[in-house]
Every structure is written in structure tokens, then in C-alpha cells.
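*Asks:* I have a structure I would like to understand better, so I am pasting it below and will then ask my questions one at a time.
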Amino acid sequence: MNLIDHTVKVAQQRASIITTLLSILMVFTSTVSSSQDTPEGATSFKSSAGLYSMKDALGRTQMGQDLNLRVNSSVGNTWIGYFETQSKDLQQTRIGWDNAFKVGALRIQPSLQSATGGFFGGSLGVETGEALFIGAALGRTNLKNYVNLNFDPNDSWTFTSGYRWNAQRTVSLQVVRDNRENPDQQHIHVMYRTSFTDNNRFLIDVLVKSGTVENEYIKKVGWMTGLDWGELGLRFAYDPKVNFTSSDMKRLIFSYRY
């Protein structure tokens, strides 16, 4: 196969993946919307479809795709997702829950996750402050295989600090460091989000990653940027040595809130 044929084939495969994702997402969204019986405004939904391109150290590219539904209600945020690679060698369904409870000047933030294959994990965070805020969290798992689309280490401690001008404009610094199997692996995020109008929002997340990957210490910079137009959202990211592997990842995520 020559280079032109290979390029056309890859483009057709990516177009097919995107079409499949959007078709499934539309059916999924329609089904959930028609079945809800809660009063208007009591429950909100966010559906998303992600396309992932992973290039390993040998230059080989593996595509992945993910569908996710997130529900915000009186019990907190619950979600279900499904990820698979194009070669079908990795498939996993995930579910999770998180919430925030105000206790005096503190906000307590628990989360739980589970996935096919026997994975189970969770975290507990504490945050305080309004305009100027600070927080810390601890995460733990049972070390079973997990498609970590959170991308930060799961068995870790987290430190967060930032400033909120208002609900729509925030700048923050977050440090996530593994404290179990790979204690030198660390992510540092610098995040800024703002709104142009009530319905149009922008965010950017610059990532500094350091730690040992396959017996080699690395220090890399990645980033994620996103735009929301009312109910529609788009995210694009570049994540080198994703999940501290030899692969560099690019990801494109479409979302719809309703």
C-alpha cells in the first residue's frame, strides 16, 4: 500500500468512527431525554463522544472512541461511559458518581468509580474558601485494569489552589502526584476558564508532566482547550506519554448539555 492509499484509508476510518459515534450518541441522547420524568430543571444531562489518536514510540497509530452520559441531579453527578480501541483489543464500560457537601466552611467532595474487569476506586477531597480557595484530596483504587480517561494518576494525592472572580471565571493550580506504585509520577495543571457571554465559555489547561516511563525519566508539556456555545461543547487536547506510557495522545471530544 502506497502513502496516498494509506492516508485515504486512515481518513476513511476516522470518518467512519466519527459517524458511528455521533449516530450512537444521537440515539442515546434521544432515548434518555424521552424517558426522563423529572420536572424541568430538576435534572440536567451531558452526553459526549470522544475520538482518541494514540501514537507509540514506533510511530504506529491506534484509534480509540468513547461515549459518555453524565447526569446531574439531587444525588450528585452520576455517569456511565464506554471506551474501545479501533482494533477491539481494549474495551471497557465505566460508571461513577461524585458530589460536594457543605460542612461549615468546608466542601467535602467524595467520588466513586467502577468498571468491567473488576475495577473499583474512589477519592475524598476537602476544599475551603470562596473567591480565594484551597483544597486537597486522596484517591485509591484496587489496582485492577482501568481505562483512565481522567488521565491523572488515580492512586494519588491532589493539591488545588485558585481564585474565582465569579462562577464563570476561575484560575487555578493543581498538583496530582502518585503516592502508591509510581511515586515520582506527577501532573501539574494550570487552568483558566472564563465566559464571553452567558452561553459562550472558554477554557485552557496547560499540563506539565514528569516521572519515569519505561525506565526513563521524562518531563513533558501538554495542553487542552475548549469552547462551549450554549449547550454544545468542543474540546481538543494533546497529552504526551499519556497515562505514563510510551504513547502520545490527541483527543477530540464533542458534548451536548440538555
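Labels for the C-alpha cells follow display order: chains A, B, ..., residues from 1 in each chain, ligands from 1.
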Considering only C-alpha atoms, tabulate each residue of range 163-240 of chain A that lies at most 9 Å from range 154-159 of chain A along with its nearest interatomic pair and the corresponding distance in Å to one decimal; arrange the rows by chain and ascending residue number and present them as a tab-separated table.

*Replies:*
residue	atom	partner	partner_atom	distance
A:Leu173	CA	A:Phe159	CA	8.2
A:Gln174	CA	A:Phe159	CA	5.7
A:Val175	CA	A:Phe159	CA	5.2
A:Val176	CA	A:Thr158	CA	4.5
A:Arg177	CA	A:Ser156	CA	5.3
A:Asp178	CA	A:Ser156	CA	4.2
A:Asn179	CA	A:Ser156	CA	4.9
A:Arg180	CA	A:Asp155	CA	6.0
A:Glu181	CA	A:Asp155	CA	8.0
A:Pro183	CA	A:Ser156	CA	8.5

*Asks:* With N, CA and C atoms retained, could you export that selection as a JSON list (two decimals), in the first residue's frame?

*Replies:*
[["chain", "number", "residue", "atom", "x", "y", "z"],
["A", 173, "LEU", "N", -4.38, 26.30, 40.13],
["A", 173, "LEU", "CA", -3.19, 25.46, 40.03],
["A", 173, "LEU", "C", -3.50, 24.16, 40.73],
["A", 174, "GLN", "N", -3.21, 23.05, 40.06],
["A", 174, "GLN", "CA", -3.48, 21.74, 40.64],
["A", 174, "GLN", "C", -2.28, 20.82, 40.46],
["A", 175, "VAL", "N", -1.87, 20.17, 41.55],
["A", 175, "VAL", "CA", -0.78, 19.20, 41.53],
["A", 175, "VAL", "C", -1.35, 17.84, 41.88],
["A", 176, "VAL", "N", -1.12, 16.85, 41.02],
["A", 176, "VAL", "CA", -1.57, 15.47, 41.25],
["A", 176, "VAL", "C", -0.35, 14.58, 41.21],
["A", 177, "ARG", "N", -0.06, 13.90, 42.31],
["A", 177, "ARG", "CA", 1.15, 13.08, 42.38],
["A", 177, "ARG", "C", 0.81, 11.67, 42.87],
["A", 178, "ASP", "N", 1.33, 10.68, 42.13],
["A", 178, "ASP", "CA", 1.15, 9.28, 42.51],
["A", 178, "ASP", "C", 1.81, 9.04, 43.86],
["A", 179, "ASN", "N", 1.11, 8.34, 44.74],
["A", 179, "ASN", "CA", 1.71, 8.05, 46.05],
["A", 179, "ASN", "C", 1.60, 6.56, 46.41],
["A", 180, "ARG", "N", 1.61, 5.73, 45.36],
["A", 180, "ARG", "CA", 1.47, 4.30, 45.62],
["A", 180, "ARG", "C", 2.49, 3.49, 44.83],
["A", 181, "GLU", "N", 2.23, 3.22, 43.56],
["A", 181, "GLU", "CA", 3.13, 2.36, 42.79],
["A", 181, "GLU", "C", 4.24, 3.13, 42.07],
["A", 183, "PRO", "N", 5.72, 6.67, 42.70],
["A", 183, "PRO", "CA", 5.69, 7.93, 43.47],
["A", 183, "PRO", "C", 6.40, 9.11, 42.83]]

*Asks:* Give me the residues near range 242-256 of chain A as JSON, numbers by chain, where near means some atom within 8 Å (using only C-alpha atoms) and where sequence neighbours in that chain fewer than 3 positions away do not count.

*Replies:* {"A": [46, 47, 48, 49, 50, 51, 52, 53, 54, 55, 56, 57, 148, 151, 152, 153, 185, 211, 212, 213, 214, 231, 232, 233, 234, 235, 236, 237, 238, 239]}

*Asks:* Please, what distance in Å, to one decimal, runs between CA of Asp66 in chain A and CA of Trp229 in chain A?

*Replies:* 21.6 Å

*Asks:* As number ranges by chain, please: all residues of range 116-209 of chain A that backbone DSSP puts in strand (DSSP E).

*Replies:* A: 119-128, 132-141, 156-166, 169-178, 186-195, 200-209

*Asks:* For the selection just defined, write its residues with C-alpha atoms to a file, as a JSON list (two decimals), in the first residue's frame.

*Replies:*
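Okay, result.json is ready:
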[["chain", "number", "residue", "atom", "x", "y", "z"],
["A", 119, "PHE", "CA", -12.03, -2.28, 38.85],
["A", 120, "PHE", "CA", -13.13, -0.18, 41.80],
["A", 121, "GLY", "CA", -11.83, 3.17, 43.05],
["A", 122, "GLY", "CA", -12.71, 6.36, 44.81],
["A", 123, "SER", "CA", -11.45, 9.65, 46.19],
["A", 124, "LEU", "CA", -12.16, 12.07, 49.02],
["A", 125, "GLY", "CA", -11.44, 15.77, 48.77],
["A", 126, "VAL", "CA", -11.80, 18.80, 51.01],
["A", 127, "GLU", "CA", -11.96, 22.41, 49.80],
["A", 128, "THR", "CA", -12.47, 25.74, 51.54],
["A", 132, "LEU", "CA", -9.64, 32.50, 47.10],
["A", 133, "PHE", "CA", -9.88, 28.73, 47.57],
["A", 134, "ILE", "CA", -7.63, 25.83, 48.52],
["A", 135, "GLY", "CA", -8.18, 22.08, 48.63],
["A", 136, "ALA", "CA", -6.64, 18.63, 48.92],
["A", 137, "ALA", "CA", -7.73, 15.10, 48.02],
["A", 138, "LEU", "CA", -6.67, 11.47, 48.22],
["A", 139, "GLY", "CA", -7.51, 8.78, 45.64],
["A", 140, "ARG", "CA", -7.34, 5.00, 45.91],
["A", 141, "THR", "CA", -8.13, 2.01, 43.64],
["A", 156, "SER", "CA", -2.53, 9.81, 44.37],
["A", 157, "TRP", "CA", -2.79, 12.93, 46.45],
["A", 158, "THR", "CA", -4.01, 16.21, 44.93],
["A", 159, "PHE", "CA", -3.44, 19.82, 45.96],
["A", 160, "THR", "CA", -5.50, 22.63, 44.44],
["A", 161, "SER", "CA", -5.48, 26.39, 44.87],
["A", 162, "GLY", "CA", -7.03, 29.18, 42.85],
["A", 163, "TYR", "CA", -9.10, 32.32, 42.58],
["A", 164, "ARG", "CA", -12.72, 32.80, 41.48],
["A", 165, "TRP", "CA", -13.81, 36.19, 40.19],
["A", 166, "ASN", "CA", -17.29, 34.68, 39.79],
["A", 169, "ARG", "CA", -14.26, 32.99, 35.65],
["A", 170, "THR", "CA", -11.63, 30.97, 37.54],
["A", 171, "VAL", "CA", -7.86, 30.42, 37.53],
["A", 172, "SER", "CA", -6.34, 27.50, 39.43],
["A", 173, "LEU", "CA", -3.19, 25.46, 40.03],
["A", 174, "GLN", "CA", -3.48, 21.74, 40.64],
["A", 175, "VAL", "CA", -0.78, 19.20, 41.53],
["A", 176, "VAL", "CA", -1.57, 15.47, 41.25],
["A", 177, "ARG", "CA", 1.15, 13.08, 42.38],
["A", 178, "ASP", "CA", 1.15, 9.28, 42.51],
["A", 186, "GLN", "CA", 3.27, 13.88, 38.73],
["A", 187, "HIS", "CA", 0.91, 16.18, 36.85],
["A", 188, "ILE", "CA", 0.81, 19.94, 37.33],
["A", 189, "HIS", "CA", -2.20, 21.73, 35.80],
["A", 190, "VAL", "CA", -2.61, 25.47, 35.30],
["A", 191, "MET", "CA", -6.25, 26.07, 34.34],
["A", 192, "TYR", "CA", -8.17, 29.16, 33.31],
["A", 193, "ARG", "CA", -11.83, 29.38, 32.37],
["A", 194, "THR", "CA", -13.94, 32.38, 31.51],
["A", 195, "SER", "CA", -17.16, 33.32, 29.72],
["A", 200, "ASN", "CA", -20.26, 31.10, 25.43],
["A", 201, "ARG", "CA", -17.37, 29.83, 27.55],
["A", 202, "PHE", "CA", -13.65, 29.23, 27.01],
["A", 203, "LEU", "CA", -11.14, 27.18, 28.97],
["A", 204, "ILE", "CA", -7.49, 26.22, 28.72],
["A", 205, "ASP", "CA", -5.48, 23.71, 30.75],
["A", 206, "VAL", "CA", -1.68, 23.58, 30.48],
["A", 207, "LEU", "CA", -0.18, 20.33, 31.77],
["A", 208, "VAL", "CA", 3.40, 19.75, 32.96],
["A", 209, "LYS", "CA", 4.04, 16.02, 33.32]]

*Asks:* Using only C-alpha atoms, which of A:Gln168, A:Gln62, A:Asn182, A:Asn77 sits nearest Tyr217 in chain A?

*Replies:*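 Among the listed residues, A:Asn182 lies closest to Tyr217 in chain A.
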
*Asks:* Pick out the residues sitting within 8 Å of range 88-97 of chain A, and hand them over as a list in words; count only C-alpha atoms, and ignore anything fewer than 3 positions along from it in its own chain.

*Replies:* Gly76, Asn77, Thr78, Trp79, Ile80, Gly81, Tyr82, Phe83, Glu84, Thr85, Ser111, Leu112, Gln113, Ser114, Ala115, Thr116, Gly117, Tyr146 and Val147 of chain A

*Asks:* Figure out the distance between CA of Ala131 in chain A and CA of Asn150 in chain A, please, to one decimal in Å.

*Replies:*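 Computing the Euclidean distance for CA of Asn150 in chain A and CA of Ala131 in chain A yields 26.1 Å.
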
*Asks:* Write down as number ranges by chain the residues belonging to range 10-240 of chain A that are assigned helix (DSSP H, G or I) by DSSP computed on the backbone.

*Replies:* A: 10-35

*Asks:* I'd like the interatomic distance between CA of Asn142 in chain A and CA of Gly222 in chain A, to a tenth of an Å.

*Replies:*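 Answer for the CA of Asn142 in chain A to CA of Gly222 in chain A separation: 28.0 Å.
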